[in-house]
Every structure is written in C-alpha cells, then in structure tokens.
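Participant: Contents of protein.csv (CSV, C-alpha atoms) are given next:
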chain,number,residue,atom,x,y,z
A,1,MET,CA,-8.2,5.9,-16.0
A,2,LEU,CA,-6.3,9.1,-15.2
A,3,LEU,CA,-2.8,9.0,-13.7
A,4,SER,CA,-1.1,12.0,-12.3
A,5,ARG,CA,2.0,13.3,-14.2
A,6,PRO,CA,4.5,11.6,-11.8
A,7,GLU,CA,2.5,8.3,-12.0
A,8,SER,CA,2.5,8.6,-15.8
A,9,ASP,CA,6.2,9.4,-15.9
A,10,PHE,CA,6.9,6.3,-13.8
A,11,LEU,CA,4.7,4.1,-16.0
A,12,ASN,CA,6.3,5.4,-19.2
A,13,ASP,CA,9.8,4.8,-17.8
A,14,LEU,CA,8.8,1.3,-16.6
A,15,ASN,CA,7.4,0.3,-20.0
A,16,ALA,CA,10.4,1.6,-21.9
A,17,TYR,CA,12.6,-0.4,-19.5
A,18,ARG,CA,10.6,-3.5,-20.0
A,19,ALA,CA,10.6,-3.1,-23.8
A,20,ALA,CA,14.4,-2.6,-23.8
A,21,ASN,CA,14.6,-5.9,-21.9
A,22,HIS,CA,12.3,-7.6,-24.5
A,23,LEU,CA,9.4,-7.9,-22.1
A,24,ALA,CA,5.8,-7.1,-22.6
A,25,THR,CA,4.7,-3.7,-21.4
A,26,VAL,CA,2.2,-3.5,-18.5
A,27,LYS,CA,-1.0,-1.5,-18.7
A,28,PRO,CA,-3.2,-0.1,-15.9
A,29,LEU,CA,-6.1,-2.2,-14.7
A,30,PRO,CA,-8.8,-0.3,-12.9
A,31,VAL,CA,-9.5,-2.9,-10.2
A,32,VAL,CA,-5.8,-2.9,-9.3
A,33,GLN,CA,-5.6,0.9,-9.5
A,34,VAL,CA,-8.3,1.1,-6.9
A,35,CYS,CA,-6.1,-1.0,-4.6
A,36,THR,CA,-2.9,1.1,-5.1
A,37,THR,CA,-4.8,4.3,-4.6
A,38,TRP,CA,-6.3,3.0,-1.3
A,39,MET,CA,-2.9,1.7,-0.2
A,40,SER,CA,-1.0,5.0,-0.9
A,41,GLU,CA,-3.7,6.9,1.0
A,42,ASP,CA,-3.5,4.5,3.8
A,43,MET,CA,0.3,4.8,3.9
A,44,GLN,CA,-0.1,8.6,4.1
A,45,LYS,CA,-2.3,8.3,7.2
A,46,ARG,CA,0.0,5.9,8.9
A,47,TRP,CA,3.1,7.9,7.9
A,48,SER,CA,1.5,11.1,9.3
A,49,ALA,CA,0.9,9.2,12.6
A,50,GLY,CA,4.6,8.3,12.8
A,51,SER,CA,4.5,4.8,11.3
A,52,GLY,CA,7.2,3.6,8.9
A,53,LEU,CA,6.7,2.2,5.4
A,54,SER,CA,5.1,-1.2,5.4
A,55,HIS,CA,3.5,-3.7,3.1
A,56,ILE,CA,1.0,-4.4,5.9
A,57,ASP,CA,-1.9,-1.9,5.8
A,58,SER,CA,-3.8,-0.4,8.7
A,59,MET,CA,-6.3,-3.3,8.5
A,60,GLY,CA,-3.4,-5.8,9.0
A,61,ARG,CA,-3.4,-7.1,5.4
A,62,ASP,CA,-0.5,-7.7,3.1
A,63,PHE,CA,-0.8,-7.3,-0.6
A,64,GLY,CA,-2.6,-10.5,-1.5
A,65,PRO,CA,-5.6,-10.2,0.9
A,66,ARG,CA,-5.8,-6.4,0.1
A,67,VAL,CA,-6.0,-6.8,-3.6
A,68,ARG,CA,-8.6,-9.5,-3.2
A,69,ALA,CA,-10.6,-7.1,-1.0
A,70,CYS,CA,-10.4,-4.5,-3.7
A,71,GLY,CA,-12.0,-6.9,-6.1
A,72,TYR,CA,-9.1,-8.6,-7.9
A,73,ASP,CA,-9.6,-12.3,-7.0
A,74,GLN,CA,-7.7,-13.9,-9.7
A,75,ASN,CA,-5.3,-16.8,-8.9
A,76,ALA,CA,-2.3,-15.0,-10.5
A,77,TYR,CA,1.2,-13.8,-9.9
A,78,LYS,CA,1.2,-10.6,-7.9
A,79,GLY,CA,3.9,-8.2,-6.8
A,80,GLU,CA,4.1,-4.9,-4.9
A,81,ILE,CA,6.7,-2.2,-4.5
A,82,LEU,CA,6.6,0.7,-2.2
A,83,ALA,CA,8.6,3.9,-1.8
A,84,ALA,CA,8.6,7.0,0.3
A,85,GLY,CA,10.1,10.5,-0.3
A,86,PHE,CA,9.7,10.7,-4.1
A,87,THR,CA,7.4,13.1,-5.8
A,88,ASP,CA,9.0,12.6,-9.2
A,89,GLY,CA,8.1,9.5,-11.3
A,90,HIS,CA,11.5,9.3,-13.0
A,91,ALA,CA,13.4,9.5,-9.7
A,92,VAL,CA,11.3,6.7,-8.1
A,93,PHE,CA,11.7,4.5,-11.2
A,94,ASN,CA,15.5,5.0,-11.0
A,95,ALA,CA,15.6,4.2,-7.3
A,96,TRP,CA,13.7,0.9,-7.9
A,97,LYS,CA,15.8,0.1,-10.9
A,98,ALA,CA,18.9,0.3,-8.7
A,99,SER,CA,17.4,-1.9,-6.0
A,100,SER,CA,18.2,-5.6,-6.0
A,101,THR,CA,14.8,-6.4,-4.5
A,102,HIS,CA,12.6,-4.0,-6.5
A,103,ASN,CA,14.2,-4.3,-10.0
A,104,PRO,CA,13.3,-8.0,-10.4
A,105,ILE,CA,9.6,-7.2,-9.7
A,106,MET,CA,9.6,-4.4,-12.4
A,107,LEU,CA,11.2,-6.9,-14.8
A,108,GLY,CA,8.9,-9.8,-13.9
A,109,SER,CA,8.0,-11.4,-17.3
A,110,GLN,CA,4.8,-12.8,-15.8
A,111,TYR,CA,3.3,-9.3,-15.2
A,112,ARG,CA,0.9,-7.7,-17.7
A,113,TYR,CA,-1.2,-5.3,-15.6
A,114,VAL,CA,-0.4,-2.7,-13.0
A,115,GLY,CA,-1.8,-0.1,-10.6
A,116,VAL,CA,0.3,3.0,-9.9
A,117,SER,CA,-0.4,5.5,-7.1
A,118,MET,CA,1.5,8.2,-5.4
A,119,THR,CA,0.1,10.3,-2.4
A,120,ASN,CA,2.4,13.0,-1.0
A,121,GLY,CA,5.6,11.2,-2.0
A,122,LEU,CA,4.4,7.7,-0.9
A,123,TRP,CA,4.2,5.2,-3.8
A,124,ASP,CA,2.5,1.9,-4.2
A,125,VAL,CA,2.8,0.0,-7.5
A,126,ASP,CA,1.0,-3.4,-7.8
A,127,PHE,CA,1.7,-5.8,-10.5
A,128,VAL,CA,-0.6,-8.7,-11.6
A,129,SER,CA,-0.3,-11.3,-14.3
A,130,LEU,CA,-3.8,-12.3,-15.2
A,131,TYR,CA,-6.9,-10.5,-16.5
A,132,ASP,CA,-10.1,-12.0,-17.7
A,133,ASN,CA,-13.4,-10.6,-18.9
A,134,THR,CA,-14.6,-10.2,-15.3
A,135,TYR,CA,-12.9,-6.9,-15.1
A,136,ALA,CA,-13.7,-3.9,-17.3
A,137,GLU,CA,-10.6,-2.0,-18.6
Show the structure stored in the file as structure tokens.
Facilitator:
Amino acid sequence: MLLSRPESDFLNDLNAYRAANHLATVKPLPVVQVCTTWMSEDMQKRWSAGSGLSHIDSMGRDFGPRVRACGYDQNAYKGEILAAGFTDGHAVFNAWKASSTHNPIMLGSQYRYVGVSMTNGLWDVDFVSLYDNTYAE
C-alpha cells in the first residue's frame, strides 16, 4: 500500500510517538485505508460545497457504519481523527498531539492498525484494534 509523503511522515511520527510511550506501533491495513481514502475525498467534496469538517459523511454515516460499509466488519475498538488545513504530515501530527481530544486516540493502547489519508489538506485517520485472516495485508 502506497502512502503519499505527508501521509508517511504522519505515520512515522505517530509510530515514533507510540514507541516512545511504550506502545505497539500501528500499521496500515488495506481495508481501513480504503475507508480513509473515501472519507478524505468525501470531505473534500463537502468542503468545496461550503460544508464544515464533520465525522458524518455525505451518506449520513459516522465512522462505525462507514468502516463496515468499506468491508471492515470486525467487532473491535475503532477511532477516527479528522483535520483540515494541513498539507504537512509533521504539522498535523503535532496539532493532534497538542489536542486533548485527539492525542488519547493516537495513544490508544488497543489500536494495532490504521488507515491514513489526506486530500487537499483534509485528513482522515482511522484506528482499529482487531485484524484476522479475513483481510489481506
């Protein structure tokens, strides 16, 4: 799975931060990556139409139903963080690290897999805890 340079920079910063906090690193999971890519593109369309940033997509779904619709139907811990206005992976990482609501998600000890997507400065990062042989890595 190929991440853009800003997405890779974010993921590298995230995993270094998790390791420094004695947590397992997270790795991209294709089925979750599909969901984050879809959401960041959906956010771009809504943003261009004058909508604000929202965890609810254009189909009226929040993260749980959306990730299931993308093919991840595990009964697992899930978390989502969004941002707007960042094209640099290091900058968005630092903004989320400084956020009292986003930092705990990045440091969630239950998470093992992630999807990371940025479209024109709009970010979606989805975290999940469970993976089984149903999904190809």
Participant: Which is closer to A:Lys45 than all the others in A:Trp96, A:Val125, A:Thr119, A:Ser4, using all atoms listed in the file?
Facilitator: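 Looking at the shortest contact to A:Lys45, the residue is A:Thr119.
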Participant: Nearest to A:Pro30 among A:Tyr72, A:Tyr111, A:Trp123, A:Phe86, with distances taken over all atoms listed in the file: which residue is it?
Facilitator: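 That would be A:Tyr72, the residue with the smallest distance to A:Pro30.
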Participant: To one decimal place, how far is atom CA of A:Gly121 from atom CA of A:Ala24 in Å?
Facilitator: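 Taking atom CA of A:Gly121 and atom CA of A:Ala24, their separation equals 27.6 Å.
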Participant: When you look at A:His55 with a cut-off of 10 Å (counting all atoms listed in the file), what residues show up, excluding the ones that are within fewer than 4 positions of it in the same chain? I need them as a list in words.
Facilitator: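 So, after excluding close chain neighbours, the residues are Met39, Met43, Gly60, Arg61, Asp62, Phe63, Glu80, Ile81, Leu82 and Asp124 of chain A.
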Participant: Which residues are close to A:Met106, i.e. within 8 Å by all atoms listed in the file, leaving aside same-chain residues fewer than 5 positions away? Reply as a list in words.
Facilitator: Leu14, Arg18 and Lys97 of chain A
Participant: I need the chosen residues saved as an mmCIF file, in the frame of the given file, with C-alpha atoms.
Facilitator:
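Below is the file result_7.cif, written as the result:
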data_model
loop_
_atom_site.group_PDB
_atom_site.id
_atom_site.type_symbol
_atom_site.label_atom_id
_atom_site.label_comp_id
_atom_site.auth_asym_id
_atom_site.auth_seq_id
_atom_site.Cartn_x
_atom_site.Cartn_y
_atom_site.Cartn_z
ATOM 1 C CA LEU A 14 8.800 1.300 -16.600
ATOM 2 C CA ARG A 18 10.600 -3.500 -20.000
ATOM 3 C CA LYS A 97 15.800 0.100 -10.900
#
Participant: Just the number, please: distance in Å from atom CA of A:Gly115 to atom CA of A:Val32, one decimal.
Facilitator: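 Answer for the atom CA of A:Gly115 to atom CA of A:Val32 separation: 5.1 Å.
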Participant: I'd like the interatomic distance between atom CA of A:Ser40 and atom CA of A:Ala20, to a tenth of an Å.
Facilitator: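 Atom CA of A:Ala20 lies at a distance of 28.6 Å from atom CA of A:Ser40.
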Participant: Counting all atoms listed in the file, write as number ranges by chain all protein and nucleic acid residues lying at most 10 Å from (7.5, -10.5, -15.4) in the file's frame.
Facilitator: A: 18, 23-26, 77-79, 104-112, 127-129
Participant: Compile the contact shell of A:Arg5 as a count of residues only: residues with an atom at most 9 Å away, counting all atoms listed in the file, same-chain residues fewer than 3 positions apart removed.
Facilitator: 5
Participant: Just checking: using only C-alpha atoms, which residue out of A:Leu53, A:Val116, A:Cys70, A:Val31 ends up closest to A:Phe93?
Facilitator: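 Closest candidate: A:Val116.
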Participant: Taking 6 positions as the minimum chain separation for residues in the same chain, which residues sit within 9 Å of A:Arg46 when counting all atoms listed in the file? Answer as a list of chain:residue names.
Facilitator: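 The contact residues come out as A:Gly52, A:Leu53, A:Asp57, A:Ser58.
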Participant: My list of candidates is A:Ala98, A:Leu3, A:Asp42, A:Trp47. Which is closest to A:Lys27 when distances are computed with only C-alpha atoms?
Facilitator: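 Looking only at the distances to A:Lys27, the closest residue turns out to be A:Leu3.
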Participant: Which of these residues is nearest to A:Met59, using all atoms listed in the file: A:Val114, A:His90, A:Trp38, A:Asp126?
Facilitator: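 When distances to A:Met59 are compared using all atoms listed in the file, the smallest one comes from A:Trp38.
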